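run_33.txt (compact mmCIF, C-alpha atoms)
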```
# COMPACT_ATOMS: atom_id res chain seq x y z
CA MET G 1466 -17.32 -0.99 -43.10
CA LYS G 1467 -17.58 -0.23 -39.38
CA ASN G 1468 -20.94 -1.98 -39.22
CA LEU G 1469 -19.51 -5.01 -40.97
CA LEU G 1470 -16.71 -5.18 -38.43
CA LYS G 1471 -19.23 -4.90 -35.59
CA ILE G 1472 -21.34 -7.74 -37.05
CA PHE G 1473 -18.21 -9.87 -37.47
CA ALA G 1474 -17.17 -9.19 -33.86
CA ALA G 1475 -20.67 -10.06 -32.59
CA ILE G 1476 -20.75 -13.32 -34.58
CA THR G 1477 -17.29 -14.26 -33.25
CA LEU G 1478 -18.40 -13.58 -29.68
CA VAL G 1479 -21.57 -15.65 -30.05
CA TRP G 1480 -19.62 -18.47 -31.67
CA ALA G 1481 -16.93 -18.40 -28.98
CA THR G 1482 -19.53 -18.34 -26.18
CA ASN G 1483 -21.48 -21.21 -27.71
CA SER G 1484 -18.42 -23.35 -28.32
CA PHE G 1485 -17.21 -22.71 -24.76
CA ALA G 1486 -20.61 -23.68 -23.32
CA HIS G 1487 -20.59 -26.75 -25.53
CA ASN G 1488 -17.14 -27.78 -24.27
CA VAL G 1489 -18.07 -27.30 -20.62
CA ASN G 1490 -21.27 -29.27 -21.09
CA LYS G 1491 -19.27 -32.07 -22.69
CA GLN G 1492 -16.68 -32.12 -19.93
CA CYS G 1493 -19.32 -32.12 -17.22
CA ASP G 1494 -21.73 -34.63 -18.77
CA VAL G 1495 -22.42 -37.12 -15.98
CA ALA G 1496 -24.53 -39.40 -18.20
CA LYS G 1497 -21.72 -39.85 -20.71
CA LEU G 1498 -18.59 -39.68 -18.55
CA GLY G 1499 -19.82 -41.03 -15.23
CA ILE G 1500 -20.02 -39.15 -11.96
CA ASP G 1501 -16.49 -40.04 -10.77
CA LYS G 1502 -14.82 -38.52 -13.79
CA VAL G 1503 -16.94 -35.36 -13.63
CA VAL G 1504 -16.18 -34.88 -9.93
CA GLY G 1505 -12.51 -35.48 -10.75
CA TYR G 1506 -12.59 -32.61 -13.28
CA ALA G 1507 -14.40 -30.43 -10.76
CA LYS G 1508 -11.77 -31.12 -8.09
CA VAL G 1509 -8.80 -30.34 -10.31
CA HIS G 1510 -10.22 -27.12 -11.71
CA ASN G 1511 -11.68 -25.93 -8.44
CA LYS G 1512 -8.33 -26.32 -6.71
CA GLU G 1513 -6.84 -23.95 -9.26
CA ALA G 1514 -9.80 -21.56 -8.97
CA LYS G 1515 -9.39 -21.47 -5.19
CA ALA G 1516 -5.68 -20.73 -5.50
CA LYS G 1517 -6.45 -17.87 -7.87
CA GLY G 1518 -9.16 -16.46 -5.59
CA VAL G 1519 -12.00 -16.96 -8.06
CA GLU G 1520 -13.87 -19.89 -6.53
CA PHE G 1521 -17.66 -19.69 -6.90
CA ARG G 1522 -20.11 -19.57 -4.01
CA ARG G 1523 -23.84 -20.01 -4.53
CA LEU G 1524 -26.49 -19.64 -1.83
CA ASN G 1525 -23.84 -19.79 0.92
CA VAL G 1526 -22.24 -22.94 -0.51
CA ASN G 1527 -18.61 -22.80 -1.65
CA ASN G 1528 -17.89 -24.99 -4.64
CA THR G 1529 -15.35 -26.91 -2.53
CA ASP G 1530 -18.15 -27.94 -0.15
CA LEU G 1531 -20.41 -28.91 -3.03
CA ILE G 1532 -17.69 -31.20 -4.44
CA LYS G 1533 -17.12 -32.73 -1.01
CA ALA G 1534 -20.86 -33.33 -0.56
CA VAL G 1535 -21.01 -35.12 -3.93
CA GLU G 1536 -18.01 -37.30 -3.03
CA ASP G 1537 -19.61 -38.23 0.29
CA ALA G 1538 -22.94 -38.98 -1.37
CA VAL G 1539 -21.25 -41.22 -3.96
CA ALA G 1540 -19.31 -43.05 -1.23
CA ASN G 1541 -22.48 -43.58 0.82
CA GLY G 1542 -24.71 -44.41 -2.15
CA GLU G 1543 -27.02 -41.44 -1.52
CA LYS G 1544 -29.13 -39.87 -4.25
CA THR G 1545 -29.23 -36.31 -2.95
CA VAL G 1546 -26.70 -33.94 -1.43
CA GLN G 1547 -26.99 -31.23 1.18
CA PRO G 1548 -23.64 -29.42 1.28
CA MET G 1549 -22.25 -27.50 4.25
CA HIS G 1550 -22.83 -23.77 4.73
CA PHE G 1551 -19.58 -21.88 3.99
CA LYS G 1552 -19.18 -21.03 7.68
CA GLY G 1553 -18.66 -24.72 8.29
CA LYS G 1554 -20.95 -25.15 11.31
CA ASP G 1555 -24.23 -26.30 9.78
CA LYS G 1556 -25.56 -27.72 6.57
CA SER G 1557 -26.86 -25.23 4.01
CA LYS G 1558 -30.44 -25.05 2.77
CA THR G 1559 -29.34 -26.31 -0.67
CA LYS G 1560 -30.61 -29.80 -1.56
CA LEU G 1561 -29.73 -31.24 -4.96
CA ASP G 1562 -29.84 -34.46 -6.90
CA VAL G 1563 -26.34 -35.94 -6.76
CA ASN G 1564 -25.84 -36.06 -10.55
CA TYR G 1565 -26.99 -32.49 -10.96
CA ALA G 1566 -24.75 -31.39 -8.08
CA ALA G 1567 -21.73 -33.04 -9.74
CA GLN G 1568 -22.50 -31.36 -13.03
CA ARG G 1569 -22.92 -27.97 -11.35
CA ALA G 1570 -19.69 -28.34 -9.35
CA CYS G 1571 -17.79 -29.20 -12.53
CA HIS G 1572 -19.43 -26.36 -14.45
CA PHE G 1573 -18.65 -23.85 -11.68
CA ALA G 1574 -15.03 -24.98 -11.40
CA ILE G 1575 -14.28 -24.68 -15.11
CA THR G 1576 -16.29 -21.50 -15.67
CA SER G 1577 -14.60 -19.66 -12.80
CA LEU G 1578 -11.23 -20.17 -14.50
CA THR G 1579 -12.27 -19.40 -18.07
CA GLN G 1580 -14.18 -16.36 -16.88
CA ALA G 1581 -11.14 -15.05 -14.98
CA LYS G 1582 -9.00 -15.53 -18.08
CA GLU G 1583 -11.57 -13.77 -20.25
CA ALA G 1584 -11.77 -10.87 -17.75
CA GLN G 1585 -8.07 -10.15 -18.27
CA LYS G 1586 -9.04 -8.83 -21.68
CA THR G 1587 -12.60 -7.61 -21.16
CA TYR G 1588 -12.36 -5.62 -17.91
CA LYS G 1589 -11.29 -2.46 -19.73
CA LEU G 1590 -14.53 -2.45 -21.72
CA SER G 1591 -16.44 -1.21 -18.69
CA ILE G 1592 -14.05 1.56 -17.59
CA PRO G 1593 -15.36 5.05 -18.34
CA GLY G 1594 -12.67 6.95 -20.22
CA ASP G 1595 -11.10 3.70 -21.43
CA GLY G 1596 -13.10 0.97 -23.18
CA TYR G 1597 -16.52 2.19 -22.07
CA LYS G 1598 -17.77 4.98 -24.31
CA PHE G 1599 -20.76 7.11 -23.47
CA MET M 498 35.08 20.72 -18.06
CA LEU M 499 34.47 17.60 -15.99
CA SER M 500 33.02 19.57 -13.08
CA LYS M 501 30.65 21.34 -15.49
CA MET M 502 29.51 18.01 -16.86
CA ILE M 503 28.93 16.66 -13.35
CA LYS M 504 26.90 19.77 -12.48
CA LEU M 505 24.85 19.42 -15.66
CA PHE M 506 24.25 15.75 -14.91
CA MET M 507 23.10 16.56 -11.37
CA VAL M 508 20.73 19.29 -12.60
CA LEU M 509 19.28 16.91 -15.17
CA THR M 510 18.85 14.18 -12.54
CA ILE M 511 17.05 16.55 -10.16
CA PHE M 512 14.86 17.76 -13.04
CA ALA M 513 14.02 14.16 -13.98
CA VAL M 514 13.09 13.28 -10.38
CA VAL M 515 10.95 16.41 -9.95
CA SER M 516 9.18 16.00 -13.28
CA ASN M 517 8.42 12.35 -12.50
CA ALA M 518 7.06 13.07 -9.02
CA GLY M 519 3.45 13.34 -10.12
CA LYS M 520 3.76 10.76 -12.86
CA TYR M 521 2.56 7.74 -10.92
CA ASP M 522 -0.96 9.03 -10.41
CA LYS M 523 -1.39 10.22 -13.99
CA GLN M 524 -3.55 7.27 -15.08
CA ALA M 525 -5.46 7.25 -11.79
CA GLU M 526 -6.28 10.93 -12.19
CA LYS M 527 -7.43 10.29 -15.73
CA ASP M 528 -9.67 7.45 -14.48
CA ARG M 529 -11.08 9.55 -11.66
CA LYS M 530 -11.89 12.52 -13.89
CA ALA M 531 -13.51 10.25 -16.48
CA LEU M 532 -15.64 8.68 -13.73
CA VAL M 533 -16.81 12.08 -12.48
CA LYS M 534 -17.63 13.08 -16.07
CA TYR M 535 -19.55 9.84 -16.57
CA PHE M 536 -21.74 10.24 -13.48
CA GLU M 537 -22.39 13.91 -14.17
CA ALA M 538 -23.47 13.01 -17.71
CA LYS M 539 -25.60 10.12 -16.46
CA PHE M 540 -27.51 12.21 -13.95
CA GLU M 541 -27.62 15.40 -16.00
CA ASP M 542 -31.09 14.56 -17.29
CA PRO M 543 -32.00 10.87 -16.77
CA GLU M 544 -35.33 11.21 -18.57
CA LYS M 545 -33.75 12.75 -21.65
CA ASN M 546 -30.82 10.30 -21.71
CA ARG M 547 -32.84 7.22 -20.78
CA ASN M 548 -31.84 5.20 -23.86
CA GLN M 549 -28.18 5.47 -23.01
CA PHE M 550 -28.17 5.32 -19.21
CA PHE M 551 -31.55 4.10 -17.91
CA PRO M 552 -33.01 1.70 -20.48
CA TYR M 553 -34.95 -0.35 -17.89
CA SER M 554 -36.36 2.45 -15.74
CA THR M 555 -40.01 3.41 -15.96
CA ASP M 556 -41.23 6.90 -16.87
CA LYS M 557 -42.63 7.29 -13.36
CA GLU M 558 -39.30 6.32 -11.78
CA LEU M 559 -37.32 8.77 -13.90
CA LYS M 560 -39.79 11.61 -13.42
CA GLU M 561 -40.62 11.21 -9.76
CA ASN M 562 -37.71 9.52 -8.07
CA ILE M 563 -34.44 10.53 -9.69
CA THR M 564 -32.87 13.90 -9.05
CA LYS M 565 -31.25 15.47 -12.08
CA GLY M 566 -28.39 17.88 -12.62
CA LEU M 567 -26.08 16.31 -10.03
CA LYS M 568 -22.48 17.50 -9.80
CA HIS M 569 -19.32 15.80 -8.51
CA HIS M 570 -19.65 16.49 -4.76
CA ASP M 571 -23.38 15.73 -4.71
CA PHE M 572 -22.47 12.05 -5.13
CA ALA M 573 -20.86 11.79 -1.69
CA ILE M 574 -23.99 10.40 0.00
CA GLY M 575 -24.45 7.23 -2.05
CA ASN M 576 -27.80 6.56 -3.67
CA TYR M 577 -29.46 9.24 -1.52
CA ALA M 578 -27.80 11.70 -3.90
CA PHE M 579 -30.33 10.86 -6.61
CA SER M 580 -33.10 8.80 -4.99
CA LYS M 581 -35.75 11.27 -3.85
CA GLN M 582 -37.69 8.72 -1.78
CA GLY M 583 -34.51 7.32 -0.27
CA LYS M 584 -33.31 10.81 0.66
CA VAL M 585 -36.51 11.52 2.63
CA GLN M 586 -35.98 8.34 4.70
CA TYR M 587 -32.27 9.10 5.06
CA ASP M 588 -32.94 12.59 6.40
CA GLU M 589 -35.44 11.21 8.90
CA ILE M 590 -32.98 8.64 10.25
CA LYS M 591 -30.21 11.23 10.37
CA GLU M 592 -32.25 13.27 12.85
CA MET M 593 -31.40 10.64 15.48
CA PRO M 594 -28.56 8.65 13.94
CA PRO M 595 -28.11 5.17 15.46
CA TYR M 596 -24.30 5.35 15.26
CA GLU M 597 -23.81 8.23 17.74
CA GLU M 598 -23.24 5.99 20.76
CA PHE M 599 -20.58 4.05 18.85
CA ILE M 600 -18.60 7.21 18.09
CA GLU M 601 -18.53 7.83 21.85
CA LYS M 602 -17.47 4.22 22.45
CA GLY M 603 -14.68 4.68 19.92
CA GLU M 604 -13.54 7.85 21.64
CA ASP M 605 -13.40 6.04 24.99
CA ILE M 606 -11.42 3.17 23.49
CA TYR M 607 -8.98 5.61 21.88
CA LYS M 608 -8.50 7.79 24.93
CA ASN M 609 -7.88 4.78 27.17
CA SER M 610 -5.41 3.10 24.85
CA GLU M 611 -1.81 4.23 25.02
CA ALA M 612 -1.05 2.14 21.95
CA LEU M 613 -3.70 3.82 19.79
CA LYS M 614 -2.70 7.28 20.96
CA LYS M 615 0.91 6.52 20.08
CA CYS M 616 0.11 4.99 16.68
CA PHE M 617 -2.47 7.64 15.74
CA PRO M 618 -1.57 10.92 17.45
CA ASP M 619 -3.71 12.71 14.84
CA THR M 620 -7.29 11.45 14.80
CA LYS M 621 -8.31 13.35 11.66
CA ILE M 622 -6.92 10.71 9.34
CA GLY M 623 -10.06 9.29 7.75
CA GLY M 624 -9.13 10.69 4.35
CA ASN M 625 -5.56 9.39 4.30
CA TYR M 626 -6.28 5.67 4.23
CA PRO M 627 -5.61 3.35 2.47
CA TYR M 628 -2.03 4.29 1.63
CA PHE M 629 0.72 2.36 -0.08
CA ASP M 630 3.62 1.46 2.20
CA ASP M 631 6.77 1.41 0.05
CA LYS M 632 8.74 -0.38 2.78
CA THR M 633 6.48 -3.43 2.90
CA GLY M 634 5.20 -3.09 -0.67
CA LYS M 635 1.62 -3.39 0.60
CA VAL M 636 -1.50 -1.26 0.76
CA VAL M 637 -2.42 -0.40 4.36
CA THR M 638 -6.09 0.16 5.09
CA LEU M 639 -7.24 1.90 8.24
CA SER M 640 -8.59 -1.40 9.61
CA VAL M 641 -5.25 -3.11 9.01
CA ALA M 642 -3.33 -0.19 10.57
CA ILE M 643 -5.50 -0.19 13.72
CA ASN M 644 -5.26 -3.94 14.07
CA ASP M 645 -1.47 -3.98 13.56
CA CYS M 646 -1.18 -1.27 16.20
CA VAL M 647 -3.11 -3.12 18.91
CA VAL M 648 -1.49 -6.47 18.10
CA LYS M 649 1.99 -4.91 18.37
CA ALA M 650 0.99 -3.58 21.78
CA GLY M 651 0.21 -7.14 22.87
CA GLU M 652 -3.55 -6.75 22.75
CA GLU M 653 -5.98 -9.20 21.19
CA LYS M 654 -6.41 -9.24 17.40
CA LEU M 655 -9.49 -7.35 16.21
CA ASN M 656 -12.23 -8.46 13.84
CA LEU M 657 -11.59 -6.30 10.76
CA LYS M 658 -15.25 -6.19 9.78
CA LYS M 659 -17.32 -5.28 12.81
CA GLY M 660 -17.27 -4.58 16.55
CA LYS M 661 -14.54 -2.65 18.33
CA ILE M 662 -12.64 -1.69 15.17
CA THR M 663 -15.70 0.04 13.71
CA HIS M 664 -16.10 2.10 16.90
CA ILE M 665 -12.52 3.34 16.62
CA GLU M 666 -12.96 4.02 12.89
CA ALA M 667 -16.26 5.83 13.58
CA TYR M 668 -14.46 8.13 16.01
CA PHE M 669 -11.68 8.82 13.47
CA ALA M 670 -14.21 9.40 10.68
CA ASP M 671 -16.22 11.78 12.83
CA GLN M 672 -13.09 13.72 13.80
CA THR M 673 -12.09 13.95 10.14
CA LYS M 674 -15.56 15.09 9.15
CA GLN M 675 -15.58 17.78 11.82
CA ALA M 676 -12.19 19.01 10.60
CA ASP M 677 -13.78 19.37 7.15
CA LYS M 678 -11.19 17.17 5.48
CA ASN M 679 -11.31 15.53 2.08
CA MET M 680 -10.32 12.13 0.77
CA ASP M 681 -6.63 12.45 -0.07
CA ILE M 682 -5.15 9.22 -1.41
CA LYS M 683 -1.64 9.32 -2.85
CA ILE M 684 0.10 7.23 -5.48
CA ASN M 685 3.76 8.02 -5.07
CA SER M 686 5.68 5.14 -6.57
CA LYS M 687 5.68 2.62 -9.37
CA LYS M 688 4.64 -0.15 -6.97
CA ALA M 689 1.77 1.97 -5.63
CA GLN M 690 0.66 2.57 -9.19
CA GLN M 691 0.73 -1.18 -9.87
CA ALA M 692 -1.33 -1.83 -6.72
CA TYR M 693 -3.87 0.75 -7.88
CA GLU M 694 -4.06 -0.88 -11.33
CA ARG M 695 -4.65 -4.33 -9.78
CA GLY M 696 -7.40 -2.89 -7.60
CA LYS M 697 -8.99 -1.30 -10.65
CA LYS M 698 -8.79 -4.56 -12.55
CA TYR M 699 -10.48 -6.38 -9.67
CA TYR M 700 -13.26 -3.79 -9.59
CA TYR M 701 -14.00 -3.98 -13.30
CA SER M 702 -13.59 -7.76 -13.79
CA GLN M 703 -16.69 -9.93 -14.11
CA ARG M 704 -16.70 -12.67 -11.49
CA GLY M 705 -18.81 -15.24 -9.70
CA TYR M 706 -21.53 -17.46 -11.10
CA LEU M 707 -23.57 -14.36 -11.91
CA LYS M 708 -20.68 -12.98 -13.98
CA LEU M 709 -21.02 -9.51 -12.52
CA SER M 710 -18.31 -6.98 -11.88
CA CYS M 711 -18.53 -4.37 -9.12
CA ALA M 712 -18.95 -1.88 -11.98
CA SER M 713 -21.95 -3.75 -13.43
CA CYS M 714 -23.99 -2.47 -10.48
CA HIS M 715 -22.10 0.61 -9.28
CA VAL M 716 -20.96 2.23 -12.54
CA GLN M 717 -23.14 1.15 -15.46
CA GLY M 718 -25.95 0.00 -13.13
CA ALA M 719 -25.89 2.94 -10.70
CA GLY M 720 -29.30 4.57 -10.42
CA GLN M 721 -31.15 1.46 -11.56
CA ARG M 722 -33.18 -0.73 -9.29
CA VAL M 723 -32.61 -4.13 -7.72
CA ARG M 724 -35.93 -5.09 -6.20
CA ASN M 725 -36.91 -1.92 -4.36
CA GLU M 726 -33.42 -0.50 -3.87
CA SER M 727 -31.59 1.96 -6.09
CA LEU M 728 -28.00 0.98 -6.80
CA SER M 729 -25.45 3.48 -5.51
CA GLN M 730 -22.54 4.89 -7.49
CA LEU M 731 -18.82 4.18 -7.08
CA LEU M 732 -18.12 7.87 -6.74
CA GLY M 733 -18.14 8.64 -3.01
CA HIS M 734 -18.31 5.00 -1.90
CA ALA M 735 -15.26 5.25 0.33
CA THR M 736 -16.01 8.59 2.02
CA HIS M 737 -18.54 7.55 4.63
CA PHE M 738 -17.29 4.36 6.25
CA PRO M 739 -17.80 2.80 8.69
CA VAL M 740 -21.52 2.71 7.99
CA TYR M 741 -24.41 1.68 10.17
CA ARG M 742 -26.59 -0.61 8.06
CA LEU M 743 -30.11 -1.12 9.28
CA LYS M 744 -29.81 -4.73 8.08
CA TRP M 745 -26.70 -5.31 10.20
CA GLY M 746 -28.26 -3.54 13.17
CA ALA M 747 -31.31 -5.81 13.04
CA LYS M 748 -29.05 -8.88 13.07
CA SER M 749 -26.90 -7.70 15.98
CA LYS M 750 -27.89 -8.58 19.55
CA THR M 751 -26.56 -5.23 20.74
CA SER M 752 -28.04 -3.29 17.76
CA ASP M 753 -24.49 -2.55 16.65
CA GLY M 754 -24.99 -2.24 12.91
CA LEU M 755 -21.64 -0.66 12.14
CA GLY M 756 -19.40 -2.29 9.57
CA THR M 757 -16.15 -1.47 7.81
CA LEU M 758 -15.75 -1.04 4.07
CA GLU M 759 -14.11 -4.47 4.05
CA ARG M 760 -17.29 -5.99 5.46
CA ARG M 761 -19.42 -4.27 2.84
CA MET M 762 -17.16 -5.37 0.00
CA GLU M 763 -17.17 -8.97 1.21
CA GLY M 764 -20.96 -8.87 1.01
CA CYS M 765 -20.89 -7.42 -2.49
CA ILE M 766 -18.43 -9.99 -3.83
CA LYS M 767 -20.48 -12.76 -2.23
CA ASP M 768 -23.52 -11.37 -4.03
CA GLU M 769 -21.66 -11.68 -7.32
CA GLY M 770 -21.40 -15.41 -6.59
CA GLN M 771 -17.78 -15.72 -5.58
CA VAL M 772 -15.93 -16.57 -2.38
CA PRO M 773 -14.79 -13.09 -1.24
CA PRO M 774 -11.15 -12.33 -0.40
CA LYS M 775 -10.25 -11.99 3.28
CA ALA M 776 -10.50 -8.53 4.83
CA ASP M 777 -6.72 -8.20 5.13
CA SER M 778 -5.82 -9.92 1.86
CA LYS M 779 -3.80 -8.25 -0.87
CA GLU M 780 -6.83 -8.27 -3.19
CA MET M 781 -9.10 -6.54 -0.68
CA ARG M 782 -6.50 -3.91 0.26
CA GLU M 783 -5.82 -3.05 -3.38
CA LEU M 784 -9.51 -2.96 -4.22
CA LEU M 785 -10.12 -0.44 -1.43
CA TYR M 786 -7.08 1.58 -2.56
CA PHE M 787 -8.63 1.95 -6.01
CA MET M 788 -12.07 2.76 -4.63
CA ALA M 789 -10.72 5.36 -2.23
CA TYR M 790 -8.71 7.03 -4.98
CA MET M 791 -11.87 7.41 -7.05
CA SER M 792 -13.35 9.46 -4.19
CA ASN M 793 -10.31 11.75 -3.94
CA GLY M 794 -11.19 15.36 -3.26
CA MET M 795 -14.62 14.50 -1.80
CA LYS M 796 -15.52 15.36 1.78
CA ILE M 797 -15.24 12.69 4.47
CA ASP M 798 -18.73 12.30 5.90
CA GLY M 799 -18.56 9.13 7.95
CA PRO M 800 -19.89 7.41 9.87
CA ASP M 801 -23.14 7.27 8.00
CA ILE M 802 -26.26 5.16 7.69
CA ARG M 803 -27.36 2.85 4.91
CA LYS M 804 -30.21 0.40 4.52
```

I need this file expressed as C-alpha cells, please.
Amino acid sequence: MKNLLKIFAAITLVWATNSFAHNVNKQCDVAKLGIDKVVGYAKVHNKEAKAKGVEFRRLNVNNTDLIKAVEDAVANGEKTVQPMHFKGKDKSKTKLDVNYAAQRACHFAITSLTQAKEAQKTYKLSIPGDGYKF
Amino acid sequence: MLSKMIKLFMVLTIFAVVSNAGKYDKQAEKDRKALVKYFEAKFEDPEKNRNQFFPYSTDKELKENITKGLKHHDFAIGNYAFSKQGKVQYDEIKEMPPYEEFIEKGEDIYKNSEALKKCFPDTKIGGNYPYFDDKTGKVVTLSVAINDCVVKAGEEKLNLKKGKITHIEAYFADQTKQADKNMDIKINSKKAQQAYERGKKYYYSQRGYLKLSCASCHVQGAGQRVRNESLSQLLGHATHFPVYRLKWGAKSKTSDGLGTLERRMEGCIKDEGQVPPKADSKEMRELLYFMAYMSNGMKIDGPDIRK
C-alpha cells in the first residue's frame, strides 16, 4: 500500500512538473506569440519576482537587465543582445539571440515565482528532523 | 476569599510566565539537535553509509580523503573537519595566517574610536550576535550593530561586506576566541521565534535558476565535491567569521581578503542563480540568525581562513 502511494505521488509530481513546463513554454513561445507579448509577460512577472526578492541572476546578469536589453534590441532592430553586468557599469559577457533572450527572460520571470510558491510547501522536506529522514 | 483568589491568580500568572520562558526556542533546539545528529550520522562511517549519504563519491575519495567518526564540535572548522587533504593545506596556512595584521588594524580602530568603545565596552561579543531586538522587531547582526554605532556618532557609513568593518569584527572575534567563548544565540520572544523560522525557511527553500537551496550544498551535499572543492557543512558555519578567503585576497589590491558572513552569503545566493538580498535586509539578517543558532554551543574560532 505504501509503495502504491509512493508511485502515485511520483506520478503526480512528474505530471505536475511536465504540465508546468508545458505552460511556461506556451506562455514564452516567441514564434507563436511574438516577441512583444513575451517580453510583456516577462516584465509583469519579473516585477513581482523582484518585489518578492526572488529575481533570477545568471552569469552576472539580472533578469531585469536581460528584459531591458531585449526591449532595446527590439526598438533598435538588432538581432542579438548583450545585457548589462548587474553592477551597472559595463556590459556583461553574455551575448544572445534576441528571440532566445526574450524566451529566457520570460521563462526566468515566471519560474522564479512558481518556484517560490512551490518552496512554501517543499522546504520542510530537506530539514533533518522534520521532512528529511535519514 | 477575594484576596486568596488574587494571590492564586498571581501565582498562576508567575508560573505561566516562568514555564513559558524557554518555550520560544523549543523548535530551534529541536532543529539544532537534529542537525547535529544528522552530521554525526553522515560522517560516522562515510564508506559504510555511502548509499545514503555519499552516492556520488568514489571509493578512493571515501577511503583516502574523508575523516570518519566526527562528533559535534569537530565540525567547527568547516570542510577541514573531514577533508584530509584540505586540512593539511589549512594547517600550513594557519602557521602564518594572513589575517593577523587585520586583527591589529581592528584593535587600533577600536581603541581610537570613542563611539565603538561606548557601544561595545565588552569586546568578547562574537558569540552573541545576531540577536533579536524586541524594541525594533528586527534581527541585529554584528555588522549592522557596528555600522549603526559609527553612523550615530556622525562617522561615515561602513561597507557591511568588506574593509574596515571586517577589521573591527576580526578583533572582536579574536577577543572572543581568546576568552574561550561559545556561540550563544537566544530566542526570547514570539517575534524572535518567527524571525528564526523565516530564516530557516529561507535556508531550506530552493531558489534561483539552478533551483538550489543553501541546504542542497551544505546539509545534504556537505562532504561531496564541486569541482575540486569539498562542500562544507552548515554546522559551525557562523563560528569563524570574518574569514580571510584566498580568492578575495587575490582580488584585493591591498591583499585584504577578509569578508563578513553577509558577503559570503551574498556569494552563495548568487551562485544559486538569484539576486541576493542586501547585507542589511530583513532576509539576510534572519538568515544569519538561523545559521548562528544552528552553531549554538560551538566555540568561536574566528577570524579564520578559507579558500

Quick one: of G:Val1519, G:Val1539, G:Ala1570, G:Ala1514, who's nearest to chain M, counting only C-alpha atoms?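 Of the candidates, the smallest distance to chain M is held by G:Val1519.
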
Restrict the distance test to only C-alpha atoms, flag each residue of chain M within 8 Å of chain G, and return the flagged residues as a VMD selection string. chain M and resid 527 to 528 531 to 532 535 549 698 701 to 706 708 712 717 767 770 to 774

Report, in Å to a single decimal, how far apart atom CA of Tyr628 of chain M and atom CA of Leu785 of chain M are.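 Calculated distance between atom CA of Leu785 of chain M and atom CA of Tyr628 of chain M is 9.9 Å.
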
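Using all atoms listed in the file, the residues found no farther than 10 Å from Tyr1565 of chain G, other than those of its own chain fewer than 3 positions away, are Cys1493, Asp1494, Val1495, Ile1500, Val1535, Thr1545, Val1546, Leu1561, Asp1562, Gln1568, Arg1569, Ala1570 and Cys1571 of chain G.
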
Rounded to one decimal in Å, what is the spacing between atom CA of Ile662 of chain M and atom CA of Tyr596 of chain M?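 A separation of 13.6 Å between them.
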
Of the candidates G:Glu1513, G:Lys1508, G:Lys1560, G:Ala1566, which one gets nearest to Leu1531 of chain G if we count all atoms listed in the file?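 Checking each of G:Glu1513, G:Lys1508, G:Lys1560, G:Ala1566 against Leu1531 of chain G, counting all atoms listed in the file, the winner is G:Ala1566.
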
What is the distance, in Å and to one decimal place, between atom CA of Asp1555 of chain G and atom CA of Glu1536 of chain G? 18.0 Å

Shell of 6 Å around Gly624 of chain M, only C-alpha atoms, local chain residues under 4 positions omitted, as a list in words: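 So the residues in contact are Asn679, Met680 and Asp681 of chain M.
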
Those residues with C-alpha atoms, as an mmCIF file, in the frame of the given file please?
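Written out: selection_31.cif:
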```cif
data_model
loop_
_atom_site.group_PDB
_atom_site.id
_atom_site.type_symbol
_atom_site.label_atom_id
_atom_site.label_comp_id
_atom_site.auth_asym_id
_atom_site.auth_seq_id
_atom_site.Cartn_x
_atom_site.Cartn_y
_atom_site.Cartn_z
ATOM 1 C CA ASN M 679 -11.310 15.530 2.080
ATOM 2 C CA MET M 680 -10.320 12.130 0.770
ATOM 3 C CA ASP M 681 -6.630 12.450 -0.070
#
```

Selection near Pro618 of chain M, 12 Å with all atoms listed in the file, sequence-local residues under 5 positions removed, as a list in words: Tyr607, Lys608, Ser610, Glu611, Ala612, Leu613 and Phe669 of chain M

Output file for the residues above (C-alpha atoms, as a PDB file, keeping the file's coordinate frame):
```
ATOM      1  CA  TYR M 607      -8.980   5.610  21.880  1.00  0.00           C
ATOM      2  CA  LYS M 608      -8.500   7.790  24.930  1.00  0.00           C
ATOM      3  CA  SER M 610      -5.410   3.100  24.850  1.00  0.00           C
ATOM      4  CA  GLU M 611      -1.810   4.230  25.020  1.00  0.00           C
ATOM      5  CA  ALA M 612      -1.050   2.140  21.950  1.00  0.00           C
ATOM      6  CA  LEU M 613      -3.700   3.820  19.790  1.00  0.00           C
ATOM      7  CA  PHE M 669     -11.680   8.820  13.470  1.00  0.00           C
TER       8      PHE M 669
END
```

Please return the centre and edge lengths, in Å to one decimal, of a box with edges along x, y and z that contains all listed atoms of segment 1543-1554 of chain G, widened by 4 Å on every side, as lines of an AutoDock Vina configuration file.
```
center_x = -23.9
center_y = -31.2
center_z = 3.5
size_x = 18.6
size_y = 28.4
size_z = 23.6
```

Long-range neighbours of Lys523 of chain M as a list in words, 12 Å cut-off, only C-alpha atoms, 3 positions minimum in chain: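 Residues meeting the cut-off are Asn517, Ala518, Gly519, Lys520, Glu526, Lys527, Asp528, Arg529, Lys530, Lys683, Ile684, Asn685, Ser686, Lys687, Gln690, Tyr693 and Glu694 of chain M.
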
If we count all atoms listed in the file, what is near Asp542 of chain M at a cut-off of 10 Å, once residues fewer than 2 positions away on the same chain are taken out, given as a ChimeraX atom specification? /M:537-540,544-547,550,559-560,563-567

Find, counting only C-alpha atoms, the residue in M:Val740, M:Ile622, M:Ile766, M:Val647 that gets nearest to Cys714 of chain M.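 Nearest candidate to Cys714 of chain M out of M:Val740, M:Ile622, M:Ile766, M:Val647: M:Ile766.
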